[in-house]
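Trainee: Please read through the structure below; I'll follow up with questions.
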Amino acid sequence: MAANSQLTVAVHALCWLELARRRGTASLTSERIAASLDSNPSLVRRSLAPLREAGLVVAGRGPGNGWSLGRPAGRISLRDVRDAMGVEPAFDLHAHEPSQECPVGFGIRPVLGDIYAGVDRSVSRTLARVTIASVLDRILREQPLPAGR
């Protein structure tokens, strides 16, 4: 099973928009964002559409206009991004009902459901404490681009 990278793509794009803003560029086109992701502009537009609906980004109209943050990066938490993206919880139960004649099959869903709900609450609390601004600050501090690049 592959992990879902939608949240990562969205956070990457938002950090790039914030860095551009800090450097004096008010907006970036889908093409410029896609270049940072080493992806394509249609993926960027699909990824940012739910963020636009949530007011986290604003899209300019017409050719050459681009995307910008809908509010300050210090006020956009990763939980805001995850919620806007509609990203599924980290864990899920069986795709079908296990055997109710088996002691494990009978009891596993309610027990794991409770455990997974706790994990989701913990993840949500953690994501709420982290902002786009703090992610970008950490990237720039801890992972600076090598000289000459």
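Identifiers in the structure tokens: chain A, B, ... in order shown; residue index from 1 per chain; ligand index from 1 in order shown.
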Would you mind listing, for every residue of range 10-104 of chain A within 12 Å of range 137-148 of chain A, the two atoms forming the shortest contact and the distance between them in Å to one decimal, using only C-alpha atoms, sorted by chain and ascending residue number, as CSV?

Mentor:
residue,atom,partner,partner_atom,distance
A:Val11,CA,A:Ile139,CA,11.9
A:His12,CA,A:Ile139,CA,10.6
A:Cys15,CA,A:Asp137,CA,9.2
A:Trp16,CA,A:Ile139,CA,10.9
A:Glu18,CA,A:Asp137,CA,10.2
A:Leu19,CA,A:Asp137,CA,9.4
A:Arg22,CA,A:Asp137,CA,11.3
A:Ala73,CA,A:Asp137,CA,10.7
A:Gly74,CA,A:Asp137,CA,10.5

Trainee: So which residues of chain A fall under strand (DSSP E or B) by DSSP, listed as a list in words?

Mentor: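 These are the residues in question: Leu28, Val57, Val58, Ala59, Trp67, Ser68, Leu69, Ser77 and Thr131 of chain A.
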
Trainee: For Gly24 in chain A, which of A:Ala95, A:Ser68, A:Leu43, A:Thr8 is the closest residue, counting only C-alpha atoms?

Mentor: A:Ser68

Trainee: Env of Glu31 in chain A: 12 Å cut, atoms = only C-alpha atoms, seq-sep filter 3 positions within chain, self excluded. Answer as number ranges by chain.

Mentor: A: 13, 27-28, 34-45, 63-67

Trainee: What is the distance between CA of Glu53 in chain A and CA of Ala128 in chain A, in Å to one decimal?

Mentor: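 Interatomic distance, CA of Glu53 in chain A to CA of Ala128 in chain A: 19.3 Å.
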
Trainee: Set the distance at 10 Å and use only C-alpha atoms: which residues neighbour Gly70 in chain A once local chain neighbours fewer than 3 positions away are removed? I'd like the list as a ChimeraX atom specification.

Mentor: /A:51-52,54-59,67,73,75-76

Trainee: Identify which of the residues A:Thr131, A:Thr25, A:Ser5, A:Ser30 lies closest to Leu78 in chain A, counting only C-alpha atoms when measuring atom-to-atom distances.

Mentor: A:Thr131

Trainee: Rounded to one decimal in Å, what is the spacing between CA of Pro98 in chain A and CA of Asp120 in chain A?

Mentor: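 One can read the CA of Pro98 in chain A to CA of Asp120 in chain A distance as 22.8 Å.
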
Trainee: Would you give me, as a PyMOL selection string, the residues in chain A that DSSP reads as alpha helix (DSSP H)?

Mentor: chain A and resi 6-22+30-37+41-53+78-85+103-128+132-142
